[in-house]
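Participant: File run.txt below, compact mmCIF, C-alpha atoms and all ligand atoms:
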```txt
# COMPACT_ATOMS: atom_id res chain seq x y z
CA MET A 1 15.60 6.55 30.13
CA ARG A 2 12.26 8.09 31.13
CA LEU A 3 9.98 7.85 28.10
CA ALA A 4 6.53 9.47 27.92
CA VAL A 5 4.10 8.38 25.22
CA VAL A 6 1.12 10.60 24.36
CA GLY A 7 -1.70 8.42 23.00
CA ALA A 8 -2.65 4.83 23.80
CA GLY A 9 -3.71 3.52 20.39
CA SER A 10 -1.90 0.64 18.69
CA ILE A 11 1.08 2.86 17.83
CA GLY A 12 1.60 4.44 21.27
CA LEU A 13 1.11 1.16 23.12
CA ALA A 14 3.41 -0.83 20.84
CA ILE A 15 6.13 1.74 21.54
CA ALA A 16 5.38 1.80 25.28
CA TRP A 17 5.40 -2.00 25.59
CA ARG A 18 8.62 -2.52 23.63
CA ALA A 19 10.39 0.31 25.54
CA ALA A 20 9.25 -0.88 28.99
CA GLU A 21 10.25 -4.43 28.10
CA ARG A 22 13.76 -3.18 27.37
CA GLY A 23 14.05 -1.40 30.68
CA ALA A 24 12.84 2.17 30.03
CA GLU A 25 10.72 3.90 32.65
CA VAL A 26 7.56 4.48 30.64
CA THR A 27 4.41 6.54 31.15
CA VAL A 28 1.50 6.56 28.68
CA HIS A 29 -0.86 9.54 28.73
CA ASP A 30 -4.37 9.14 27.29
CA PRO A 31 -7.77 10.16 28.71
CA GLU A 32 -9.46 7.28 26.88
CA PRO A 33 -7.13 4.52 25.66
CA GLY A 34 -8.48 2.81 22.56
CA SER A 35 -10.98 5.54 21.67
CA GLY A 36 -9.22 6.23 18.35
CA ALA A 37 -8.92 4.34 15.07
CA SER A 38 -7.13 1.32 16.51
CA ARG A 39 -10.22 -0.49 17.77
CA VAL A 40 -12.19 0.20 14.56
CA ALA A 41 -9.59 -1.07 12.06
CA ALA A 42 -10.17 -4.24 10.06
CA GLY A 43 -6.74 -5.67 10.85
CA MET A 44 -5.32 -6.43 7.42
CA LEU A 45 -1.52 -6.76 7.47
CA ALA A 46 -1.09 -6.48 3.72
CA ALA A 47 2.23 -5.41 2.25
CA VAL A 48 1.11 -5.85 -1.36
CA THR A 49 -2.56 -4.95 -1.80
CA GLU A 50 -2.34 -1.83 0.39
CA ALA A 51 0.15 -0.31 -2.07
CA GLU A 52 -1.08 2.80 -3.86
CA PHE A 53 0.51 4.89 -6.60
CA GLY A 54 2.15 7.96 -5.04
CA GLU A 55 2.92 6.10 -1.79
CA GLU A 56 5.86 4.03 -3.12
CA ALA A 57 8.17 5.26 -0.32
CA LEU A 58 6.02 3.27 2.08
CA LEU A 59 6.52 -0.11 0.40
CA PRO A 60 9.84 -1.13 2.05
CA PHE A 61 8.65 0.02 5.48
CA MET A 62 5.38 -1.90 5.07
CA ALA A 63 7.31 -4.98 4.00
CA GLU A 64 9.64 -4.65 7.02
CA SER A 65 6.71 -4.30 9.41
CA VAL A 66 4.53 -7.03 7.91
CA ASP A 67 7.51 -9.40 8.00
CA ALA A 68 8.05 -8.50 11.67
CA TRP A 69 4.43 -9.33 12.52
CA PRO A 70 4.70 -13.11 13.14
CA ALA A 71 7.37 -12.66 15.85
CA PHE A 72 5.65 -9.54 17.22
CA ALA A 73 2.35 -11.44 17.56
CA ALA A 74 3.98 -14.41 19.29
CA ASP A 75 5.89 -12.14 21.73
CA LEU A 76 2.77 -10.12 22.49
CA GLU A 77 0.60 -13.16 23.17
CA ARG A 78 3.31 -14.48 25.50
CA ALA A 79 3.77 -11.13 27.27
CA SER A 80 0.05 -10.40 27.68
CA GLY A 81 -1.47 -13.88 27.98
CA ILE A 82 -4.12 -12.73 25.46
CA ALA A 83 -4.82 -14.26 22.02
CA ILE A 84 -4.86 -11.55 19.34
CA GLY A 85 -6.46 -13.47 16.49
CA TYR A 86 -3.31 -13.35 14.35
CA ARG A 87 -3.62 -15.38 11.12
CA ASP A 88 -1.52 -16.14 8.08
CA ILE A 89 -4.26 -15.73 5.50
CA PRO A 90 -3.85 -14.98 1.80
CA THR A 91 -5.49 -11.96 0.18
CA LEU A 92 -7.52 -12.37 -2.98
CA MET A 93 -7.89 -9.07 -4.83
CA VAL A 94 -10.67 -9.32 -7.42
CA GLY A 95 -12.52 -7.12 -9.89
CA LEU A 96 -16.19 -7.37 -10.75
CA ASP A 97 -16.44 -5.82 -14.19
CA ASP A 98 -13.91 -5.18 -16.95
CA GLY A 99 -13.11 -1.69 -15.63
CA ASP A 100 -12.43 -3.08 -12.15
CA ARG A 101 -10.27 -5.83 -13.61
CA ALA A 102 -8.31 -3.25 -15.64
CA GLU A 103 -7.72 -1.24 -12.47
CA ILE A 104 -6.34 -4.33 -10.73
CA GLU A 105 -4.05 -4.97 -13.71
CA ARG A 106 -2.79 -1.40 -13.33
CA GLN A 107 -2.20 -1.93 -9.59
CA ALA A 108 -0.36 -5.18 -10.34
CA ALA A 109 2.46 -3.17 -11.93
CA LEU A 110 2.93 -1.43 -8.60
CA TYR A 111 2.71 -4.71 -6.66
CA ARG A 112 5.49 -6.06 -8.89
CA SER A 113 7.75 -3.14 -7.98
CA GLY A 114 7.40 -4.16 -4.29
CA GLY A 115 9.15 -7.42 -5.18
CA ARG A 116 6.74 -9.62 -3.20
CA ALA A 117 5.04 -12.79 -4.37
CA PHE A 118 1.62 -12.68 -5.98
CA GLU A 119 -0.17 -14.62 -8.68
CA ARG A 120 -2.65 -13.46 -11.33
CA LEU A 121 -5.79 -15.56 -11.59
CA GLY A 122 -8.69 -15.81 -14.02
CA GLY A 123 -12.30 -16.03 -12.88
CA ARG A 124 -12.38 -19.80 -12.42
CA ALA A 125 -9.03 -19.92 -10.59
CA SER A 126 -10.20 -17.09 -8.31
CA ARG A 127 -13.29 -19.09 -7.37
CA LYS A 128 -11.11 -22.12 -6.71
CA ALA A 129 -9.04 -20.04 -4.27
CA GLU A 130 -12.21 -18.60 -2.72
CA PRO A 131 -15.26 -20.79 -3.28
CA LEU A 132 -17.67 -18.16 -1.89
CA LEU A 133 -16.86 -15.69 -4.68
CA SER A 134 -19.67 -14.66 -7.00
CA HIS A 135 -19.67 -16.19 -10.50
CA ARG A 136 -19.66 -12.61 -11.82
CA VAL A 137 -16.05 -12.09 -10.65
CA ARG A 138 -13.76 -11.88 -13.67
CA GLY A 139 -10.41 -12.57 -12.00
CA GLY A 140 -7.77 -10.97 -9.87
CA VAL A 141 -4.59 -11.39 -7.91
CA LEU A 142 -3.76 -13.87 -5.10
CA VAL A 143 -1.21 -12.76 -2.47
CA PRO A 144 -0.04 -15.71 -0.39
CA GLY A 145 2.15 -13.87 2.18
CA ASP A 146 -0.41 -11.64 3.93
CA HIS A 147 -1.59 -11.80 7.53
CA ALA A 148 -4.47 -10.44 9.58
CA VAL A 149 -5.08 -9.70 13.23
CA ASP A 150 -8.05 -8.75 15.41
CA PRO A 151 -7.29 -5.08 16.26
CA ARG A 152 -9.55 -5.04 19.34
CA ALA A 153 -7.83 -8.06 20.85
CA LEU A 154 -4.51 -6.51 19.78
CA HIS A 155 -5.27 -3.29 21.64
CA THR A 156 -6.36 -5.14 24.80
CA ALA A 157 -3.19 -7.26 24.64
CA LEU A 158 -0.92 -4.25 24.09
CA LEU A 159 -2.41 -2.49 27.13
CA ALA A 160 -1.91 -5.60 29.26
CA ALA A 161 1.64 -6.23 27.99
CA ALA A 162 2.66 -2.59 28.49
CA GLU A 163 1.35 -2.62 32.06
CA ARG A 164 2.89 -6.02 32.83
CA SER A 165 6.24 -4.72 31.57
CA GLY A 166 6.02 -1.82 34.02
CA ALA A 167 4.58 1.02 31.89
CA ARG A 168 2.19 3.28 33.80
CA ILE A 169 -1.00 4.19 31.93
CA LEU A 170 -2.23 7.60 33.08
CA ALA A 171 -5.79 8.69 32.20
CA GLU A 172 -4.91 12.25 31.25
CA ARG A 173 -5.19 14.42 28.18
CA ILE A 174 -2.00 16.24 27.22
CA ASP A 175 -2.34 19.79 25.92
CA ASP A 176 1.31 20.80 26.19
CA PRO A 177 3.84 17.98 25.62
CA GLY A 178 6.51 20.37 26.91
CA SER A 179 4.97 20.10 30.38
CA ILE A 180 5.70 16.36 30.69
CA ASP A 181 8.62 15.49 32.94
CA ALA A 182 10.54 12.90 30.86
CA ASP A 183 13.79 12.44 28.90
CA ARG A 184 11.95 11.70 25.66
CA VAL A 185 8.35 12.40 24.65
CA VAL A 186 6.67 10.47 21.82
CA LEU A 187 3.61 12.03 20.15
CA ALA A 188 1.37 9.14 19.08
CA ALA A 189 -2.07 10.69 19.47
CA GLY A 190 -3.53 9.71 16.07
CA CYS A 191 -5.92 12.42 14.82
CA GLY A 192 -5.43 14.19 18.18
CA SER A 193 -1.84 14.94 17.08
CA ALA A 194 -3.17 17.88 15.03
CA ALA A 195 -3.55 19.76 18.32
CA PHE A 196 0.26 19.70 18.63
CA GLY A 197 0.66 21.54 15.33
CA LEU A 198 1.30 18.39 13.27
CA PRO A 199 -0.21 18.27 9.75
CA ILE A 200 -2.78 15.53 10.40
CA ARG A 201 -6.30 15.38 9.00
CA PRO A 202 -8.99 12.84 9.87
CA VAL A 203 -10.16 10.55 7.08
CA ARG A 204 -13.40 9.00 8.24
CA GLY A 205 -14.10 5.33 7.60
CA ALA A 206 -16.99 3.01 8.38
CA VAL A 207 -16.76 -0.76 8.81
CA LEU A 208 -19.47 -3.34 9.39
CA ARG A 209 -19.10 -6.34 11.64
CA LEU A 210 -21.07 -9.46 10.74
CA SER A 211 -21.08 -12.92 12.23
CA ALA A 212 -21.48 -16.33 10.67
CA ALA A 213 -23.40 -19.03 12.52
CA PRO A 214 -21.46 -22.19 13.43
CA GLY A 215 -21.21 -24.36 10.35
CA GLN A 216 -22.13 -21.54 7.97
CA PRO A 217 -19.58 -21.18 5.15
CA ARG A 218 -17.12 -18.28 5.54
CA PRO A 219 -14.47 -16.84 3.23
CA ARG A 220 -11.15 -18.65 3.56
CA THR A 221 -9.16 -15.72 2.18
CA THR A 222 -9.20 -11.99 2.88
CA VAL A 223 -11.28 -10.82 -0.07
CA ARG A 224 -10.53 -7.37 -1.44
CA GLY A 225 -12.30 -6.10 -4.46
CA ARG A 226 -13.30 -3.33 -6.71
CA VAL A 227 -16.98 -3.09 -7.52
CA GLN A 228 -17.84 -0.63 -10.28
CA GLY A 229 -14.85 1.47 -9.31
CA HIS A 230 -15.32 1.31 -5.53
CA PRO A 231 -13.06 -0.62 -3.14
CA VAL A 232 -14.41 -3.07 -0.57
CA TYR A 233 -12.85 -5.78 1.61
CA LEU A 234 -13.94 -8.69 3.79
CA VAL A 235 -11.69 -9.84 6.62
CA THR A 236 -12.68 -13.11 8.31
CA ARG A 237 -11.67 -13.91 11.86
CA ARG A 238 -11.27 -17.36 13.38
CA ASN A 239 -14.24 -16.74 15.70
CA GLY A 240 -16.64 -16.36 12.76
CA GLU A 241 -16.65 -12.55 12.68
CA ILE A 242 -16.47 -10.95 9.23
CA VAL A 243 -15.43 -7.31 8.96
CA VAL A 244 -16.58 -5.47 5.85
CA GLY A 245 -14.90 -2.17 5.04
CA ALA A 246 -14.32 0.51 4.43
CA THR A 247 -15.76 3.83 3.36
CA SER A 248 -13.54 6.89 3.11
CA ASP A 249 -14.57 10.53 3.35
CA GLU A 250 -13.29 13.78 4.77
CA ARG A 251 -16.18 15.31 6.69
CA GLY A 252 -14.16 16.11 9.79
CA LEU A 253 -14.51 14.27 13.09
CA ASP A 254 -18.25 13.57 12.86
CA PRO A 255 -19.22 9.99 13.80
CA THR A 256 -22.98 10.55 13.63
CA THR A 257 -23.94 11.24 10.01
CA GLY A 258 -24.06 9.16 6.86
CA THR A 259 -23.93 5.77 8.53
CA ALA A 260 -27.06 4.47 6.74
CA GLY A 261 -25.55 5.26 3.33
CA ALA A 262 -22.22 3.75 4.39
CA ALA A 263 -23.88 0.51 5.51
CA HIS A 264 -25.86 0.34 2.26
CA ASP A 265 -22.78 0.86 0.07
CA LEU A 266 -20.65 -1.65 1.97
CA LEU A 267 -23.35 -4.32 2.00
CA ARG A 268 -24.20 -3.92 -1.67
CA ARG A 269 -20.57 -4.10 -2.79
CA SER A 270 -19.65 -6.99 -0.52
CA ILE A 271 -22.74 -9.01 -1.54
CA ASP A 272 -21.80 -8.43 -5.19
CA LEU A 273 -18.48 -10.16 -4.48
CA VAL A 274 -19.57 -12.74 -1.88
CA PRO A 275 -23.34 -13.40 -2.03
CA GLU A 276 -23.17 -15.51 1.17
CA ILE A 277 -22.92 -12.20 3.09
CA THR A 278 -26.74 -11.93 2.97
CA GLU A 279 -27.00 -14.96 5.28
CA TYR A 280 -24.80 -13.48 8.02
CA HIS A 281 -25.96 -11.58 11.10
CA LEU A 282 -25.15 -7.85 11.07
CA THR A 283 -23.81 -6.95 14.52
CA GLU A 284 -22.24 -3.49 14.29
CA ILE A 285 -21.38 -0.43 12.27
CA ALA A 286 -18.31 1.39 13.56
CA ILE A 287 -16.81 4.71 12.51
CA GLY A 288 -13.13 5.56 12.87
CA PHE A 289 -10.81 8.37 11.82
CA ARG A 290 -7.59 7.52 10.01
CA PRO A 291 -4.79 9.97 10.84
CA ALA A 292 -3.65 11.13 7.38
CA THR A 293 -0.86 13.49 6.30
CA PRO A 294 -0.61 15.69 3.17
CA ASP A 295 1.41 13.00 1.29
CA ASN A 296 -0.20 9.98 3.04
CA LEU A 297 3.17 8.93 4.52
CA PRO A 298 3.65 8.79 8.30
CA LEU A 299 5.26 11.43 10.50
CA LEU A 300 8.01 9.38 12.07
CA GLY A 301 11.09 11.10 13.41
CA ARG A 302 12.47 13.78 15.63
CA LEU A 303 10.65 17.10 16.10
CA ASP A 304 13.29 18.49 18.49
CA GLU A 305 15.97 17.15 20.87
CA ARG A 306 13.39 15.58 23.18
CA THR A 307 10.26 15.03 21.10
CA ILE A 308 9.62 12.28 18.54
CA ALA A 309 6.56 12.11 16.28
CA ALA A 310 5.02 8.67 15.62
CA THR A 311 1.74 9.36 13.92
CA GLY A 312 0.02 9.85 10.56
CA HIS A 313 -0.15 6.11 9.83
CA TYR A 314 -3.36 6.69 7.85
CA ARG A 315 -4.67 3.31 6.54
CA HIS A 316 -1.80 1.24 7.93
CA GLY A 317 -1.35 1.87 11.67
CA ILE A 318 -2.01 -1.73 12.65
CA ALA A 319 0.33 -3.17 10.02
CA LEU A 320 3.04 -0.59 10.80
CA ALA A 321 2.97 -0.90 14.60
CA PRO A 322 5.93 -3.34 14.97
CA ALA A 323 8.35 -1.45 12.69
CA THR A 324 7.25 1.94 14.07
CA ALA A 325 8.03 0.80 17.62
CA GLU A 326 11.53 -0.31 16.55
CA ARG A 327 12.25 2.98 14.76
CA VAL A 328 11.06 5.07 17.71
CA LEU A 329 13.15 3.09 20.19
CA ALA A 330 16.21 3.55 17.97
CA LEU A 331 15.53 7.30 17.65
CA ALA A 332 15.05 7.60 21.42
CA ALA A 333 18.48 5.98 21.78
CA ASP A 334 19.92 8.61 19.39
CA ASP A 335 20.45 6.16 16.54
CA GLU A 336 20.14 8.64 13.67
CA ALA A 337 20.21 5.83 11.08
CA ALA A 338 16.59 5.18 12.10
CA ALA A 339 15.51 8.59 10.78
CA GLU A 340 13.98 8.13 7.32
CA LYS A 341 13.83 11.22 5.16
CA ALA A 342 10.51 10.35 3.50
CA PHE A 343 8.86 10.21 6.94
CA ASP A 344 10.57 13.30 8.44
CA PRO A 345 7.82 15.00 10.49
CA LEU A 346 9.24 18.43 9.58
CA ARG A 347 9.19 17.83 5.80
CA PHE A 348 6.18 20.07 5.15
CA LYS A 349 7.62 22.96 7.18
CA GLU A 350 10.85 22.86 5.16
CA ARG A 351 8.94 23.19 1.90
CA SER A 352 6.97 26.26 2.93
C1 LIG B 1 -12.29 1.96 9.06
C2 LIG B 1 -10.79 1.78 9.27
C3 LIG B 1 -10.20 0.58 8.87
C4 LIG B 1 -8.82 0.41 9.03
N1 LIG B 1 -8.25 -0.78 8.67
C5 LIG B 1 -6.91 -0.96 8.85
C6 LIG B 1 -6.31 -2.21 8.53
O1 LIG B 1 -6.98 -3.14 8.07
N2 LIG B 1 -4.95 -2.34 8.70
C7 LIG B 1 -4.19 -1.32 9.21
O2 LIG B 1 -2.98 -1.49 9.34
N3 LIG B 1 -4.75 -0.14 9.56
C8 LIG B 1 -6.09 0.06 9.40
N4 LIG B 1 -6.65 1.25 9.73
C9 LIG B 1 -5.79 2.36 10.16
C10 LIG B 1 -5.45 2.24 11.64
O3 LIG B 1 -6.63 2.00 12.37
C11 LIG B 1 -4.78 3.53 12.13
O4 LIG B 1 -3.72 3.91 11.26
C12 LIG B 1 -4.18 3.29 13.52
O5 LIG B 1 -5.18 2.77 14.39
C13 LIG B 1 -3.61 4.57 14.11
O6 LIG B 1 -3.21 4.25 15.42
P1 LIG B 1 -2.75 5.37 16.43
O7 LIG B 1 -2.33 4.66 17.66
O8 LIG B 1 -1.78 6.27 15.74
O9 LIG B 1 -4.06 6.28 16.67
P2 LIG B 1 -5.41 5.98 17.42
O10 LIG B 1 -5.76 4.54 17.46
O11 LIG B 1 -6.41 6.89 16.78
O12 LIG B 1 -5.13 6.40 18.92
C14 LIG B 1 -4.85 7.71 19.29
C15 LIG B 1 -5.03 7.82 20.80
O13 LIG B 1 -4.55 9.12 21.19
C16 LIG B 1 -5.37 9.62 22.21
N5 LIG B 1 -5.23 11.09 22.23
C17 LIG B 1 -5.66 11.97 21.31
N6 LIG B 1 -5.35 13.23 21.68
C18 LIG B 1 -4.72 13.13 22.89
C19 LIG B 1 -4.15 14.08 23.78
N7 LIG B 1 -4.18 15.40 23.53
N8 LIG B 1 -3.57 13.63 24.93
C20 LIG B 1 -3.52 12.31 25.19
N9 LIG B 1 -4.04 11.37 24.37
C21 LIG B 1 -4.63 11.76 23.23
C22 LIG B 1 -6.77 9.13 21.85
O14 LIG B 1 -7.59 9.10 23.02
C23 LIG B 1 -6.48 7.75 21.27
O15 LIG B 1 -6.62 6.73 22.25
C24 LIG B 1 -8.04 1.45 9.61
C25 LIG B 1 -8.66 2.62 10.04
C26 LIG B 1 -10.03 2.78 9.89
C27 LIG B 1 -10.68 4.04 10.40
```
Could you take the file, read its structure, and then write that structure out as C-alpha cells?

Facilitator:
Amino acid sequence: MRLAVVGAGSIGLAIAWRAAERGAEVTVHDPEPGSGASRVAAGMLAAVTEAEFGEEALLPFMAESVDAWPAFAADLERASGIAIGYRDIPTLMVGLDDGDRAEIERQAALYRSGGRAFERLGGRASRKAEPLLSHRVRGGVLVPGDHAVDPRALHTALLAAAERSGARILAERIDDPGSIDADRVVLAAGCGSAAFGLPIRPVRGAVLRLSAAPGQPRPRTTVRGRVQGHPVYLVTRRNGEIVVGATSDERGLDPTTGTAGAAHDLLRRSIDLVPEITEYHLTEIAIGFRPATPDNLPLLGRLDERTIAATGHYRHGIALAPATAERVLALAADDEAAAEKAFDPLRFKERS
C-alpha cells in the first residue's frame, strides 16, 4: 500500500507513523511540519471535562482515544527515543462564583452520561486536592482518569518515529491531492484542509507559557475553571512549565492582533483561581488555529475511493490522535466498519 498523507501535524504524523510501522510505503507532504495547531496545544487528554452539550457523539470516540493514550505514548517513546512528557494527572474543574459553580453542575449531568468516573467536591475538598487553589473557589469536580502530554515533544517524537519507520517527509505544499501518485491519500492539513473544499473554519486560540523556578510550588492537578462565566485552564508539565489557556475567537487566520488583551484575560482568570501564578516567569504567548467544522465533530472518513479525510479535530486533535490513526488505517484497508456516520466528511453536502 502506498499511502500519502497531506499535513504533518499531530494527526497526519500519527497516521503516517502507525501506517509505516505496519509496512505501508508512506509519504508525508507538508511545506512546514508543525506550523499548525499541534505545537500550540496545551496537551490535555481529557475525556470528561472536554465534553460539551451538542457534541455528545464525540464522547465514545474521545473515551476510546484517551484510553489508547498510555500504550500509544509508551510505543511512541520507544519508537522515537524521545520523552513526550506524558502524565497521568487528574483534572480538577472548579467554579469561582455561584454562577460558575452552577454551570459546572450543569456540565456534570453531561459528564455522567459519558459513564466515566468523577467526584463532586466542595470548596475545602477542592483545596485539599489542589492546595494552590484560591480560597475563593466554591467547589467543583475531580476527574481521576485524565492524562496530559507535551504537544511539542509529541510532535518532535512523531516526526522522528515516522521517519525511523520509513515514512518520507517531503517539504511540499499540496494544492491538488489528485496529483499525488499513491494508492490512498489522507487529507490531514488542519485549517489548510479548507483549500480542498472541506468545511473547516479556523478558531483562533491563545495560550501562555509560564515557568516555575526549582522548588517553587506548582499545581499538582490540571486545573480547569470558570471565572465569571469564562473558561480557563492550567496544565503543568514535569519540567516546571505551566500552560495557561485558552482564548477562543473567530477572526480568521490572523496571529498578530489582540494578543495583549488575550494575555491580560488569561492571566487575570488564572490568578483568580491559582494566585501562585503571579510568582511564575512568563515565557511565551502563542497563537494557534483550531480546525473546526460546522457541528464541531471531526471529518473522518472516505471522500472518494482513494481519498480519506482526517481533519476538523477542533479542540481535541492531540487527544484524538491515537484513535484517529487507527480509524484511518482501517479505512485505508477498506474496513467499512471504521466509518462512523457522525463523522462522515460528506455529511454537510448531503444535507444541502
Ligand atoms: C490554543 C489551543 C489549545 C489546544 N489545546 C488542546 C488540548 O489541550 N488537547 C487537545 O487534544 N487539543 C488541543 N488543541 C487542538 C489541537 O491543537 C488541534 O486539534 C490539532 O493540533 C489538529 O492537528 P492537525 O494535525 O489536524 O492540524 P495542524 O497541527 O494544524 O497541522 C496541519 C499541518 O498541515 C499543513 N498544511 C496545511 N495546508 C497544507 C497543504 N496545502 N499542503 C501540505 N500541508 C499543508 C500545515 O503546514 C500543518 O503543519 C488546542 C488548539 C489550540 C489552538

Participant: Would you compute the distance between atom C1 of ligand LIG 1 (chain B) and atom CA of A:Ala319? Give it in Å to one decimal.

Facilitator: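 So the answer is 13.7 Å.
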
Participant: Could you report the residues within 7 Å of ligand LIG 1 (chain B), using all atoms listed in the file, as JSON, numbers by chain?

Facilitator: {"A": [6, 7, 8, 9, 10, 11, 12, 29, 30, 31, 32, 33, 34, 35, 36, 37, 38, 39, 40, 41, 42, 43, 44, 45, 172, 173, 174, 175, 188, 189, 190, 191, 192, 193, 195, 204, 205, 206, 207, 245, 246, 247, 287, 288, 289, 290, 291, 311, 312, 313, 314, 315, 316, 317, 318, 319, 320]}

Participant: Choose the residue, out of A:Leu300, A:Leu58, A:Ile180, A:Ala339, that has the smallest atom-to-atom separation from A:Thr324; count only C-alpha atoms.

Facilitator: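 When distances to A:Thr324 are compared using only C-alpha atoms, the smallest one comes from A:Leu300.
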
Participant: Rank nothing, just name the residue among A:Arg106, A:Arg220, A:Arg209, A:Arg18 nearest to A:Arg238, using only C-alpha atoms.

Facilitator: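 Counting only C-alpha atoms, the residue closest to A:Arg238 is A:Arg220.
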
Participant: Which of these residues is nearest to A:Ser80, using all atoms listed in the file: A:Ala332, A:Ala125, A:Leu170, A:Ala157?

Facilitator: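 Using all atoms listed in the file, the shortest distance to A:Ser80 belongs to A:Ala157.
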
Participant: In Å, how far is it from atom CA of A:Arg2 to atom CA of A:Ala68?

Facilitator: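 The value is 25.9 Å.
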
Participant: Would you work out the distance separating atom CA of A:Gly81 from atom CA of A:Val186, expressed in Å to one decimal?

Facilitator: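 Separating atom CA of A:Gly81 from atom CA of A:Val186 is a distance of 26.4 Å.
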
Participant: Around all of stretch 132-142 of chain A's listed atoms, make the axis-aligned box with 6 Å on each side and tell me centre and edge lengths in Å to one decimal, as AutoDock Vina command-line options.

Facilitator:
```
--center_x -11.7 --center_y -14.6 --center_z -7.8 --size_x 27.9 --size_y 19.2 --size_z 23.8
```

Participant: For each of A:Ile169, A:Val235, A:Ala194, A:Leu210, take the minimum atom-to-atom distance to A:Tyr86, counting all atoms listed in the file, then give the residue where this is smallest.

Facilitator: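 Counting all atoms listed in the file, the residue closest to A:Tyr86 is A:Val235.
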
Participant: Around the point (15.0, 6.1, 25.5), in the coordinates given by the file, pick out the residues reaching within 10 Å, counting only C-alpha atoms, and return them as an mmCIF file with C-alpha atoms, in the frame of the given file.

Facilitator:
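Wrote result-v9.cif, looks like this:
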```cif
data_model
loop_
_atom_site.group_PDB
_atom_site.id
_atom_site.type_symbol
_atom_site.label_atom_id
_atom_site.label_comp_id
_atom_site.auth_asym_id
_atom_site.auth_seq_id
_atom_site.Cartn_x
_atom_site.Cartn_y
_atom_site.Cartn_z
ATOM 1 C CA MET A 1 15.600 6.550 30.130
ATOM 2 C CA ARG A 2 12.260 8.090 31.130
ATOM 3 C CA LEU A 3 9.980 7.850 28.100
ATOM 4 C CA ALA A 4 6.530 9.470 27.920
ATOM 5 C CA ALA A 19 10.390 0.310 25.540
ATOM 6 C CA ALA A 20 9.250 -0.880 28.990
ATOM 7 C CA ARG A 22 13.760 -3.180 27.370
ATOM 8 C CA GLY A 23 14.050 -1.400 30.680
ATOM 9 C CA ALA A 24 12.840 2.170 30.030
ATOM 10 C CA GLU A 25 10.720 3.900 32.650
ATOM 11 C CA VAL A 26 7.560 4.480 30.640
ATOM 12 C CA ALA A 182 10.540 12.900 30.860
ATOM 13 C CA ASP A 183 13.790 12.440 28.900
ATOM 14 C CA ARG A 184 11.950 11.700 25.660
ATOM 15 C CA VAL A 185 8.350 12.400 24.650
ATOM 16 C CA ARG A 306 13.390 15.580 23.180
ATOM 17 C CA VAL A 328 11.060 5.070 17.710
ATOM 18 C CA LEU A 329 13.150 3.090 20.190
ATOM 19 C CA ALA A 330 16.210 3.550 17.970
ATOM 20 C CA LEU A 331 15.530 7.300 17.650
ATOM 21 C CA ALA A 332 15.050 7.600 21.420
ATOM 22 C CA ALA A 333 18.480 5.980 21.780
ATOM 23 C CA ASP A 334 19.920 8.610 19.390
#
```

Participant: For A:Thr222, list every protein, DNA or RNA residue within 9 Å, evaluated using all atoms listed in the file, and leave out those in the same chain fewer than 2 positions away; present the list as a list of chain:residue names.

Facilitator: A:Met44, A:Ile89, A:Pro90, A:Thr91, A:Leu92, A:Met93, A:Asp146, A:His147, A:Ala148, A:Pro219, A:Arg220, A:Arg224, A:Tyr233, A:Leu234, A:Val235, A:Thr236

Participant: Env of A:Asp98: 10 Å cut, atoms = only C-alpha atoms, seq-sep filter 5 positions within chain, self excluded. Answer as a list in words.

Facilitator: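 Everything that qualifies: Glu103, Ile104, Val137, Arg138, Gly139 and Gln228 of chain A.
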
Participant: Considering all atoms listed in the file, can you say which of A:Leu13, A:Ala79, A:Leu133, A:Ala321 comes closest to A:Pro275?

Facilitator: A:Leu133

Participant: Which residue out of A:Leu346, A:Ile84, A:Ala309, A:Leu273 has the minimum interatomic distance to A:Thr156 when only C-alpha atoms are used?

Facilitator: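 Of A:Leu346, A:Ile84, A:Ala309, A:Leu273, the one nearest A:Thr156 is A:Ile84, counting only C-alpha atoms.
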